[in-house]
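Have a look at the structure below, then the notes.
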Protein chains: 2
Amino acid sequence: MSNSLRHMEGTIVDNQSEKISHRLEKIFTPAPLQVPGCPVRDVLDRIGDKWSILSVLHLGHSGKLRFNELLHRIDGISQRMLTVTLRGLERDGFVSRRIYAEVPPRVEYELTALGVSLLDQVLGLAVWAQDNMGDIITSRAAHANAAGFQNLP
Amino acid sequence: MSNSLRHMEGTIVDNQSEKISHRLEKIFTPAPLQVPGCPVRDVLDRIGDKWSILSVLHLGHSGKLRFNELLHRIDGISQRMLTVTLRGLERDGFVSRRIYAEVPPRVEYELTALGVSLLDQVLGLAVWAQDNMGDIITSRAAHANAAGFQNLP
DNA sequence: CTGGATCCTAAGAGATACTG
DNA sequence: CAGTATCTCTTAGGATCCAG
């Protein structure tokens, strides 16, 4: 069984390497990320803002959430930016918005199926960030030292 | 074999769903993406700029590249922003920079192992973007129409 | 409670010119 | 060739006030 596992891991790793070049080809075909109408650049610009990914992560973690709940959960976000971000996510179909005709008003936000599929990708990046932060910090420190030496008299 | 495949797919899907909540827990532990020192936010802010991910994709696709080669491949980037972006990627350990003492000078950039592992995650997002752009466009159009109706007299 | 409307600024990004 | 140095300019984002 450990042999079979080792074999499977090898296969997975190979598939992974294969997948990288294969997926690169897919992304670079037919136009290599040219600006007019490139989906990759469009989506990346869209979710590359300061709060979209964070909002998706929080909605994924907590499920259905009200405006004020999100406001308090997302550390540092302002009222205005939460509104702007949610409108954008709703517009692109990642988040659904349900208004209840009550007083005081209640509005609940939730990830759509499309939003969950985005969450799945974003989680890959988030976990990667957490796992590799150590290396990044190390590299930054080394580079800061190198820069420091250059500034010495 | 098709039975076994179907079984495997079921397992993969279940693992995937499992993985989402599991990875969410990992990300939200111990602090739920709080701003001081959160790796996820740090990395996301870092690669969330306009050119970093694009540069990583191009370097992954073409392998070793010179400054001017990158400049011409990355559609729309300016000389200055390419320099700034490459310095950032190098500083964080995603890209290596090798200078050849020749005339005219030659400098080659290449993804490090850490850069390749980032590329792997970014590719997930990129392919997802390409695959789901249709749905996003549809949602945007629908939302534009809805807004249009609200503006009618 | 949920946000819309305004005003304001700090950072990101483009253009251009110059250098080892 | 591979940058650096300025100089603007645009815009994302924050603060505040107001309204349904």
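Chain labels run A, B, ... following the order of the structure tokens; each chain numbers its residues from 1, and ligands are numbered from 1 in the order shown.
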**Study point:** Secondary structure check, strand (DSSP E or B) residues of region 12-127 of chain B, as number ranges by chain
**Key:** B: 65-66, 95-100, 106-111
Would you mind exporting the chosen residues as a CSV table (one decimal), in the first residue's frame, restricted to all heavy atoms?
chain,number,residue,atom,x,y,z
B,65,LEU,N,13.8,35.1,-19.3
B,65,LEU,CA,13.5,36.2,-20.2
B,65,LEU,C,14.3,37.4,-19.9
B,65,LEU,O,14.6,37.7,-18.7
B,65,LEU,CB,12.0,36.6,-20.2
B,65,LEU,CG,11.0,35.7,-20.9
B,65,LEU,CD1,9.6,36.1,-20.7
B,65,LEU,CD2,11.3,35.6,-22.4
B,66,ARG,N,14.7,38.1,-20.9
B,66,ARG,CA,15.4,39.4,-20.7
B,66,ARG,C,14.4,40.5,-20.5
B,66,ARG,O,13.2,40.4,-20.7
B,66,ARG,CB,16.3,39.7,-21.9
B,66,ARG,CG,17.3,38.6,-22.2
B,66,ARG,CD,18.1,38.9,-23.4
B,66,ARG,NE,18.8,40.2,-23.3
B,66,ARG,CZ,19.8,40.6,-24.1
B,66,ARG,NH1,20.2,39.8,-25.1
B,66,ARG,NH2,20.4,41.7,-23.9
B,95,VAL,N,11.2,35.6,-8.2
B,95,VAL,CA,11.9,35.8,-9.4
B,95,VAL,C,13.4,36.0,-9.1
B,95,VAL,O,13.8,36.6,-8.1
B,95,VAL,CB,11.4,37.0,-10.2
B,95,VAL,CG1,12.4,37.4,-11.3
B,95,VAL,CG2,10.0,36.7,-10.8
B,96,SER,N,14.2,35.3,-9.9
B,96,SER,CA,15.7,35.5,-9.8
B,96,SER,C,16.2,36.4,-10.9
B,96,SER,O,15.6,36.5,-12.0
B,96,SER,CB,16.4,34.2,-9.9
B,96,SER,OG,16.3,33.6,-11.2
B,97,ARG,N,17.2,37.2,-10.6
B,97,ARG,CA,17.7,38.1,-11.5
B,97,ARG,C,19.2,37.8,-11.7
B,97,ARG,O,20.0,37.9,-10.8
B,97,ARG,CB,17.5,39.5,-10.9
B,97,ARG,CG,18.1,40.7,-11.8
B,97,ARG,CD,17.5,42.0,-11.3
B,97,ARG,NE,18.0,43.1,-11.9
B,97,ARG,CZ,19.0,43.9,-11.5
B,97,ARG,NH1,19.6,43.5,-10.4
B,97,ARG,NH2,19.4,44.9,-12.2
B,98,ARG,N,19.6,37.5,-13.0
B,98,ARG,CA,21.0,37.2,-13.2
B,98,ARG,C,21.6,38.2,-14.2
B,98,ARG,O,21.0,38.4,-15.3
B,98,ARG,CB,21.1,35.8,-13.8
B,98,ARG,CG,22.5,35.5,-14.4
B,98,ARG,CD,22.7,34.0,-14.5
B,98,ARG,NE,22.9,33.4,-13.2
B,98,ARG,CZ,23.2,32.1,-13.0
B,98,ARG,NH1,23.4,31.4,-14.0
B,98,ARG,NH2,23.3,31.6,-11.8
B,99,ILE,N,22.6,38.9,-13.8
B,99,ILE,CA,23.3,39.9,-14.7
B,99,ILE,C,24.5,39.4,-15.3
B,99,ILE,O,25.4,38.8,-14.6
B,99,ILE,CB,23.6,41.2,-13.8
B,99,ILE,CG1,22.5,41.7,-13.0
B,99,ILE,CG2,24.2,42.3,-14.7
B,99,ILE,CD1,22.7,41.6,-11.5
B,100,TYR,N,24.6,39.5,-16.6
B,100,TYR,CA,25.8,39.1,-17.3
B,100,TYR,C,26.7,40.3,-17.6
B,100,TYR,O,26.2,41.3,-18.2
B,100,TYR,CB,25.4,38.4,-18.6
B,100,TYR,CG,24.7,37.1,-18.4
B,100,TYR,CD1,23.3,37.1,-18.3
B,100,TYR,CD2,25.4,35.9,-18.3
B,100,TYR,CE1,22.6,35.9,-18.0
B,100,TYR,CE2,24.7,34.7,-18.1
B,100,TYR,CZ,23.3,34.7,-17.9
B,100,TYR,OH,22.7,33.6,-17.7
B,106,ARG,N,23.3,42.4,-20.4
B,106,ARG,CA,22.2,41.4,-20.5
B,106,ARG,C,21.7,41.0,-19.1
B,106,ARG,O,22.6,40.7,-18.2
B,106,ARG,CB,22.6,40.2,-21.3
B,106,ARG,CG,21.6,39.1,-21.4
B,106,ARG,CD,21.9,38.2,-22.6
B,106,ARG,NE,23.3,37.6,-22.4
B,106,ARG,CZ,23.4,36.3,-22.1
B,106,ARG,NH1,22.4,35.5,-22.0
B,106,ARG,NH2,24.6,35.8,-22.0
B,107,VAL,N,20.4,41.1,-18.8
B,107,VAL,CA,19.9,40.6,-17.6
B,107,VAL,C,18.7,39.7,-17.8
B,107,VAL,O,17.9,40.0,-18.6
B,107,VAL,CB,19.4,41.9,-16.8
B,107,VAL,CG1,18.8,41.4,-15.4
B,107,VAL,CG2,20.5,42.9,-16.6
B,108,GLU,N,18.8,38.5,-17.1
B,108,GLU,CA,17.8,37.5,-17.4
B,108,GLU,C,17.0,37.3,-16.1
B,108,GLU,O,17.5,37.1,-15.0
B,108,GLU,CB,18.4,36.2,-17.9
B,108,GLU,CG,18.9,36.3,-19.3
B,108,GLU,CD,19.5,35.0,-19.8
B,108,GLU,OE1,19.9,34.2,-18.9
B,108,GLU,OE2,19.6,34.9,-21.0
B,109,TYR,N,15.7,37.2,-16.3
B,109,TYR,CA,14.8,36.9,-15.2
B,109,TYR,C,14.2,35.6,-15.3
B,109,TYR,O,13.9,35.1,-16.4
B,109,TYR,CB,13.7,38.0,-15.1
B,109,TYR,CG,14.2,39.4,-14.8
B,109,TYR,CD1,14.6,40.2,-15.9
B,109,TYR,CD2,14.3,39.8,-13.5
B,109,TYR,CE1,15.1,41.5,-15.6
B,109,TYR,CE2,14.8,41.1,-13.3
B,109,TYR,CZ,15.2,41.9,-14.3
B,109,TYR,OH,15.7,43.2,-14.0
B,110,GLU,N,14.0,34.9,-14.2
B,110,GLU,CA,13.4,33.6,-14.2
B,110,GLU,C,12.7,33.3,-12.9
B,110,GLU,O,13.0,33.8,-11.8
B,110,GLU,CB,14.6,32.6,-14.4
B,110,GLU,CG,14.1,31.2,-14.7
B,110,GLU,CD,15.2,30.2,-14.9
B,110,GLU,OE1,16.4,30.6,-14.6
B,110,GLU,OE2,15.0,29.1,-15.5
B,111,LEU,N,11.6,32.5,-13.0
B,111,LEU,CA,10.9,32.1,-11.8
B,111,LEU,C,11.8,31.3,-10.9
B,111,LEU,O,12.5,30.4,-11.4
B,111,LEU,CB,9.6,31.4,-12.1
B,111,LEU,CG,8.5,32.2,-12.8
B,111,LEU,CD1,7.3,31.3,-13.0
B,111,LEU,CD2,8.1,33.4,-11.9
Review point. Quick one: residues within 10 Å of DG3 (chain D), only C-alpha atoms (C1' of nucleotides) counted, chain neighbours fewer than 2 positions away excluded, as a PyMOL selection string?
Key: (chain B and resi 67+79-80+83) or (chain C and resi 19-20) or (chain D and resi 1)
Got time to write the residues from that selection, all heavy atoms, as a compact mmCIF listing (two decimals), in the first residue's frame?
# COMPACT_ATOMS: atom_id res chain seq x y z
N PHE B 67 14.97 41.64 -19.95
CA PHE B 67 14.12 42.79 -19.62
C PHE B 67 13.26 43.23 -20.80
O PHE B 67 12.04 43.35 -20.70
CB PHE B 67 14.99 43.95 -19.12
CG PHE B 67 14.20 45.13 -18.63
CD1 PHE B 67 13.77 45.19 -17.32
CD2 PHE B 67 13.87 46.17 -19.48
CE1 PHE B 67 13.04 46.27 -16.85
CE2 PHE B 67 13.14 47.26 -19.03
CZ PHE B 67 12.72 47.31 -17.71
N GLN B 79 8.09 50.81 -19.05
CA GLN B 79 9.43 50.46 -18.59
C GLN B 79 9.53 50.57 -17.07
O GLN B 79 10.02 49.68 -16.38
CB GLN B 79 10.43 51.40 -19.24
CG GLN B 79 11.79 50.80 -19.44
CD GLN B 79 12.65 51.69 -20.32
OE1 GLN B 79 12.64 52.91 -20.19
NE2 GLN B 79 13.43 51.09 -21.21
N ARG B 80 9.02 51.68 -16.59
CA ARG B 80 9.09 51.92 -15.15
C ARG B 80 8.35 50.85 -14.35
O ARG B 80 8.87 50.30 -13.37
CB ARG B 80 8.50 53.29 -14.82
CG ARG B 80 8.64 53.67 -13.37
CD ARG B 80 8.03 55.03 -13.10
NE ARG B 80 6.80 54.91 -12.37
CZ ARG B 80 6.75 54.81 -11.03
NH1 ARG B 80 7.85 54.82 -10.33
NH2 ARG B 80 5.61 54.72 -10.41
N THR B 83 10.13 47.54 -14.22
CA THR B 83 11.22 47.58 -13.23
C THR B 83 10.69 47.44 -11.82
O THR B 83 11.14 46.59 -11.04
CB THR B 83 11.99 48.91 -13.34
OG1 THR B 83 12.51 49.04 -14.66
CG2 THR B 83 13.11 48.96 -12.35
P DT C 19 22.38 62.63 -18.49
OP1 DT C 19 23.12 63.49 -17.55
OP2 DT C 19 22.61 62.72 -19.95
O5' DT C 19 22.64 61.12 -18.03
C5' DT C 19 22.63 60.76 -16.63
C4' DT C 19 22.95 59.27 -16.48
O4' DT C 19 21.98 58.49 -17.22
C3' DT C 19 24.32 58.84 -17.02
O3' DT C 19 24.97 58.05 -16.05
C2' DT C 19 23.99 58.03 -18.26
C1' DT C 19 22.64 57.44 -17.87
N1 DT C 19 21.78 56.98 -19.00
C2 DT C 19 21.43 55.66 -19.05
O2 DT C 19 21.77 54.84 -18.22
N3 DT C 19 20.63 55.32 -20.13
C4 DT C 19 20.18 56.16 -21.12
O4 DT C 19 19.49 55.73 -22.04
C5 DT C 19 20.60 57.53 -21.01
C7 DT C 19 20.17 58.51 -22.05
C6 DT C 19 21.37 57.88 -19.97
P DG C 20 26.57 58.05 -15.94
OP1 DG C 20 26.90 58.89 -14.78
OP2 DG C 20 27.15 58.37 -17.27
O5' DG C 20 26.94 56.53 -15.59
C5' DG C 20 26.22 55.81 -14.59
C4' DG C 20 26.34 54.31 -14.86
O4' DG C 20 25.44 53.95 -15.93
C3' DG C 20 27.73 53.86 -15.31
O3' DG C 20 27.96 52.55 -14.82
C2' DG C 20 27.62 53.86 -16.82
C1' DG C 20 26.17 53.39 -17.02
N9 DG C 20 25.53 53.84 -18.26
C8 DG C 20 25.56 55.08 -18.83
N7 DG C 20 24.87 55.17 -19.93
C5 DG C 20 24.34 53.89 -20.10
C6 DG C 20 23.50 53.38 -21.13
O6 DG C 20 23.04 53.96 -22.12
N1 DG C 20 23.21 52.03 -20.91
C2 DG C 20 23.66 51.29 -19.84
N2 DG C 20 23.27 50.03 -19.79
N3 DG C 20 24.44 51.76 -18.88
C4 DG C 20 24.74 53.06 -19.08
P DC D 1 18.43 47.10 -27.60
OP1 DC D 1 17.73 45.85 -27.87
OP2 DC D 1 17.65 48.30 -27.34
O5' DC D 1 19.37 46.83 -26.34
C5' DC D 1 19.91 45.52 -26.17
C4' DC D 1 20.25 45.37 -24.71
O4' DC D 1 20.98 46.56 -24.30
C3' DC D 1 19.04 45.28 -23.79
O3' DC D 1 19.32 44.28 -22.80
C2' DC D 1 18.91 46.67 -23.17
C1' DC D 1 20.34 47.18 -23.19
N1 DC D 1 20.43 48.66 -23.41
C2 DC D 1 21.14 49.45 -22.50
O2 DC D 1 21.66 48.92 -21.52
N3 DC D 1 21.23 50.78 -22.72
C4 DC D 1 20.66 51.32 -23.79
N4 DC D 1 20.77 52.64 -23.96
C5 DC D 1 19.93 50.53 -24.73
C6 DC D 1 19.84 49.22 -24.51
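Every chain B residue lying within 12 Å of chain C, based on only C-alpha atoms (C1' of nucleotides), is listed here: Gly48, Asp49, Lys50, Trp51, Gly76, Ile77, Ser78, Gln79, Arg80, Met81, Leu82, Val84, Thr85, Val103, Pro104 and Pro105 of chain B.
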Study note, to complete from the structure: From the list B:Gln34, B:Ser62, B:Thr29, B:Thr112, the nearest residue to chain A using only C-alpha atoms is B:Gln34
Would you give me, as a short mmCIF file (atom, residue, chain, number, x, y, z; two decimals) with all heavy atoms, in the first residue's frame, the residues of chain A that come within 7 Å of chain B, using only C-alpha atoms?
data_model
loop_
_atom_site.label_atom_id
_atom_site.label_comp_id
_atom_site.auth_asym_id
_atom_site.auth_seq_id
_atom_site.Cartn_x
_atom_site.Cartn_y
_atom_site.Cartn_z
N ILE A 20 0.84 22.34 -15.34
CA ILE A 20 1.31 23.73 -15.41
C ILE A 20 1.50 24.15 -16.86
O ILE A 20 0.93 25.16 -17.30
CB ILE A 20 2.63 23.91 -14.60
CG1 ILE A 20 2.32 23.89 -13.10
CG2 ILE A 20 3.31 25.22 -14.99
CD1 ILE A 20 3.49 24.28 -12.22
N ARG A 23 -1.86 24.14 -18.70
CA ARG A 23 -2.73 25.27 -18.37
C ARG A 23 -2.17 26.57 -18.90
O ARG A 23 -2.90 27.48 -19.28
CB ARG A 23 -2.92 25.34 -16.85
CG ARG A 23 -3.85 24.25 -16.32
CD ARG A 23 -4.05 24.39 -14.83
NE ARG A 23 -2.83 24.16 -14.08
CZ ARG A 23 -2.72 24.37 -12.77
NH1 ARG A 23 -3.75 24.81 -12.08
NH2 ARG A 23 -1.58 24.13 -12.15
N LEU A 24 -0.82 26.67 -18.92
CA LEU A 24 -0.22 27.87 -19.50
C LEU A 24 -0.60 28.00 -20.96
O LEU A 24 -0.96 29.08 -21.44
CB LEU A 24 1.31 27.81 -19.36
CG LEU A 24 1.84 28.26 -18.00
CD1 LEU A 24 3.29 27.85 -17.82
CD2 LEU A 24 1.70 29.76 -17.86
N ILE A 27 -4.08 29.28 -21.27
CA ILE A 27 -4.20 30.70 -20.97
C ILE A 27 -3.63 31.58 -22.08
O ILE A 27 -4.18 32.64 -22.40
CB ILE A 27 -3.46 31.02 -19.65
CG1 ILE A 27 -4.15 30.36 -18.48
CG2 ILE A 27 -3.39 32.52 -19.41
CD1 ILE A 27 -5.58 30.73 -18.34
N GLN A 34 -3.36 39.57 -24.15
CA GLN A 34 -3.49 40.92 -24.73
C GLN A 34 -4.63 41.65 -24.05
O GLN A 34 -5.64 41.06 -23.68
CB GLN A 34 -3.76 40.82 -26.23
CG GLN A 34 -2.79 39.93 -26.97
CD GLN A 34 -1.53 40.66 -27.37
OE1 GLN A 34 -1.13 41.63 -26.72
NE2 GLN A 34 -0.90 40.19 -28.43
N VAL A 35 -4.47 42.96 -23.96
CA VAL A 35 -5.38 43.73 -23.13
C VAL A 35 -6.83 43.81 -23.64
O VAL A 35 -7.74 43.76 -22.83
CB VAL A 35 -4.83 45.15 -22.85
CG1 VAL A 35 -4.53 45.87 -24.13
CG2 VAL A 35 -5.77 45.93 -21.99
N PRO A 39 -9.97 37.60 -20.75
CA PRO A 39 -10.74 37.24 -19.55
C PRO A 39 -9.86 37.22 -18.30
O PRO A 39 -10.29 37.67 -17.23
CB PRO A 39 -11.25 35.83 -19.86
CG PRO A 39 -11.12 35.68 -21.34
CD PRO A 39 -9.96 36.53 -21.73
N VAL A 40 -8.65 36.70 -18.45
CA VAL A 40 -7.77 36.59 -17.29
C VAL A 40 -7.49 37.97 -16.70
O VAL A 40 -7.63 38.18 -15.49
CB VAL A 40 -6.46 35.90 -17.69
CG1 VAL A 40 -5.55 35.77 -16.48
CG2 VAL A 40 -6.74 34.53 -18.28
N VAL A 43 -10.80 39.55 -15.08
CA VAL A 43 -11.16 39.01 -13.76
C VAL A 43 -10.11 39.36 -12.72
O VAL A 43 -10.45 39.74 -11.58
CB VAL A 43 -11.34 37.48 -13.83
CG1 VAL A 43 -11.52 36.90 -12.44
CG2 VAL A 43 -12.53 37.14 -14.71
N ASP A 45 -8.11 41.94 -12.64
CA ASP A 45 -8.28 43.35 -12.27
C ASP A 45 -9.47 43.52 -11.34
O ASP A 45 -9.43 44.29 -10.39
CB ASP A 45 -8.48 44.21 -13.53
CG ASP A 45 -7.17 44.39 -14.29
OD1 ASP A 45 -6.13 43.96 -13.78
OD2 ASP A 45 -7.22 44.96 -15.39
N GLY A 48 -8.75 41.96 -7.97
CA GLY A 48 -7.46 42.38 -7.45
C GLY A 48 -7.56 43.61 -6.56
O GLY A 48 -6.54 44.15 -6.14
N ASP A 49 -8.76 44.06 -6.27
CA ASP A 49 -8.88 45.23 -5.41
C ASP A 49 -8.65 44.83 -3.96
O ASP A 49 -8.31 43.69 -3.64
CB ASP A 49 -10.25 45.89 -5.61
CG ASP A 49 -11.38 44.97 -5.19
OD1 ASP A 49 -11.09 43.88 -4.68
OD2 ASP A 49 -12.56 45.33 -5.39
N LYS A 50 -8.84 45.78 -3.07
CA LYS A 50 -8.42 45.55 -1.68
C LYS A 50 -9.38 44.66 -0.90
O LYS A 50 -8.97 44.03 0.08
CB LYS A 50 -8.28 46.91 -0.98
CG LYS A 50 -7.49 46.86 0.31
CD LYS A 50 -7.21 48.27 0.81
CE LYS A 50 -6.44 48.25 2.12
NZ LYS A 50 -6.19 49.62 2.62
N HIS A 61 -16.82 31.57 4.71
CA HIS A 61 -16.60 31.03 6.04
C HIS A 61 -17.86 31.06 6.90
O HIS A 61 -18.14 30.12 7.64
CB HIS A 61 -15.49 31.82 6.74
CG HIS A 61 -15.13 31.29 8.08
ND1 HIS A 61 -15.29 32.03 9.23
CD2 HIS A 61 -14.59 30.12 8.47
CE1 HIS A 61 -14.89 31.31 10.27
NE2 HIS A 61 -14.45 30.15 9.85
N ASP A 75 -11.91 43.16 8.84
CA ASP A 75 -11.13 44.10 9.63
C ASP A 75 -10.63 45.26 8.77
O ASP A 75 -9.89 45.06 7.81
CB ASP A 75 -9.94 43.37 10.26
CG ASP A 75 -9.22 44.24 11.25
OD1 ASP A 75 -9.87 45.10 11.85
OD2 ASP A 75 -8.00 44.06 11.42
N ARG A 91 -22.80 42.33 -9.03
CA ARG A 91 -22.86 42.61 -10.46
C ARG A 91 -22.22 41.50 -11.28
O ARG A 91 -22.71 41.13 -12.35
CB ARG A 91 -22.14 43.93 -10.70
CG ARG A 91 -22.07 44.38 -12.13
CD ARG A 91 -21.23 45.66 -12.21
NE ARG A 91 -20.21 45.56 -13.22
CZ ARG A 91 -20.36 46.02 -14.48
NH1 ARG A 91 -21.47 46.61 -14.82
NH2 ARG A 91 -19.40 45.88 -15.36
N ASP A 92 -21.11 40.95 -10.77
CA ASP A 92 -20.41 39.90 -11.51
C ASP A 92 -20.99 38.51 -11.22
O ASP A 92 -20.52 37.52 -11.77
CB ASP A 92 -18.91 39.91 -11.16
CG ASP A 92 -18.20 41.06 -11.86
OD1 ASP A 92 -18.85 41.75 -12.66
OD2 ASP A 92 -17.00 41.25 -11.61
N GLY A 93 -21.99 38.46 -10.34
CA GLY A 93 -22.65 37.18 -10.11
C GLY A 93 -22.00 36.30 -9.06
O GLY A 93 -22.29 35.10 -9.00
N ASP A 120 -13.23 28.60 -4.16
CA ASP A 120 -12.37 27.42 -4.23
C ASP A 120 -10.99 27.79 -4.76
O ASP A 120 -9.96 27.36 -4.22
CB ASP A 120 -13.04 26.37 -5.13
CG ASP A 120 -12.32 25.05 -5.06
OD1 ASP A 120 -11.78 24.73 -3.98
OD2 ASP A 120 -12.27 24.34 -6.08
N GLN A 121 -10.95 28.61 -5.80
CA GLN A 121 -9.67 29.04 -6.36
C GLN A 121 -8.94 29.96 -5.41
O GLN A 121 -7.72 29.84 -5.20
CB GLN A 121 -9.89 29.75 -7.70
CG GLN A 121 -10.50 28.87 -8.77
CD GLN A 121 -9.66 27.64 -9.02
OE1 GLN A 121 -8.43 27.70 -8.96
NE2 GLN A 121 -10.31 26.51 -9.26
N LEU A 123 -9.15 30.15 -2.29
CA LEU A 123 -8.65 29.42 -1.13
C LEU A 123 -7.28 28.81 -1.42
O LEU A 123 -6.43 28.75 -0.53
CB LEU A 123 -9.63 28.32 -0.74
CG LEU A 123 -10.66 28.70 0.31
CD1 LEU A 123 -11.61 27.54 0.57
CD2 LEU A 123 -9.96 29.12 1.60
N GLY A 124 -7.11 28.36 -2.65
CA GLY A 124 -5.79 27.83 -3.02
C GLY A 124 -4.71 28.87 -2.79
O GLY A 124 -3.68 28.59 -2.17
N LEU A 125 -4.99 30.07 -3.24
CA LEU A 125 -4.03 31.16 -3.09
C LEU A 125 -3.85 31.51 -1.62
O LEU A 125 -2.73 31.75 -1.16
CB LEU A 125 -4.55 32.38 -3.86
CG LEU A 125 -3.50 33.27 -4.49
CD1 LEU A 125 -2.68 32.49 -5.50
CD2 LEU A 125 -4.15 34.47 -5.14
N ALA A 126 -4.94 31.54 -0.88
CA ALA A 126 -4.88 31.93 0.53
C ALA A 126 -4.07 30.93 1.35
O ALA A 126 -3.20 31.32 2.13
CB ALA A 126 -6.29 32.07 1.10
N VAL A 127 -4.35 29.66 1.14
CA VAL A 127 -3.60 28.63 1.87
C VAL A 127 -2.13 28.67 1.47
O VAL A 127 -1.24 28.55 2.32
CB VAL A 127 -4.21 27.24 1.61
CG1 VAL A 127 -3.31 26.16 2.18
CG2 VAL A 127 -5.60 27.14 2.20
N ALA A 129 -0.50 31.25 0.54
CA ALA A 129 0.08 32.41 1.19
C ALA A 129 0.46 32.09 2.63
O ALA A 129 1.56 32.42 3.10
CB ALA A 129 -0.90 33.58 1.16
N GLN A 130 -0.46 31.41 3.32
CA GLN A 130 -0.19 31.07 4.71
C GLN A 130 0.99 30.09 4.83
O GLN A 130 1.84 30.24 5.70
CB GLN A 130 -1.45 30.44 5.33
CG GLN A 130 -1.49 30.52 6.84
CD GLN A 130 -2.85 30.12 7.38
OE1 GLN A 130 -3.41 29.11 7.01
NE2 GLN A 130 -3.38 30.94 8.27
N MET A 133 4.46 32.02 3.67
CA MET A 133 4.78 33.34 4.18
C MET A 133 6.19 33.36 4.78
O MET A 133 6.91 34.36 4.65
CB MET A 133 3.76 33.76 5.24
CG MET A 133 3.79 35.24 5.55
SD MET A 133 3.48 36.25 4.08
CE MET A 133 4.25 37.81 4.56
N ILE A 136 8.76 33.96 2.18
CA ILE A 136 8.68 35.32 1.66
C ILE A 136 9.34 36.30 2.63
O ILE A 136 10.12 37.16 2.23
CB ILE A 136 7.21 35.70 1.40
CG1 ILE A 136 6.62 34.78 0.32
CG2 ILE A 136 7.09 37.16 0.99
CD1 ILE A 136 5.13 34.95 0.10
N SER A 139 13.04 36.00 2.43
CA SER A 139 13.57 36.64 1.24
C SER A 139 13.59 38.16 1.38
O SER A 139 14.54 38.82 0.98
CB SER A 139 12.74 36.24 0.03
OG SER A 139 13.21 36.88 -1.13
N ARG A 140 12.53 38.69 1.98
CA ARG A 140 12.47 40.13 2.17
C ARG A 140 13.59 40.61 3.08
O ARG A 140 14.24 41.62 2.83
CB ARG A 140 11.12 40.53 2.77
CG ARG A 140 10.03 40.61 1.74
CD ARG A 140 8.71 41.02 2.38
NE ARG A 140 7.61 40.82 1.44
CZ ARG A 140 6.33 40.86 1.77
NH1 ARG A 140 5.98 41.07 3.02
NH2 ARG A 140 5.40 40.67 0.86
N HIS A 143 16.92 40.53 1.33
CA HIS A 143 17.02 41.60 0.35
C HIS A 143 17.19 42.95 1.02
O HIS A 143 17.90 43.83 0.51
CB HIS A 143 15.77 41.61 -0.54
CG HIS A 143 16.04 42.11 -1.91
ND1 HIS A 143 15.93 43.44 -2.25
CD2 HIS A 143 16.45 41.47 -3.04
CE1 HIS A 143 16.24 43.59 -3.54
NE2 HIS A 143 16.56 42.42 -4.03
#
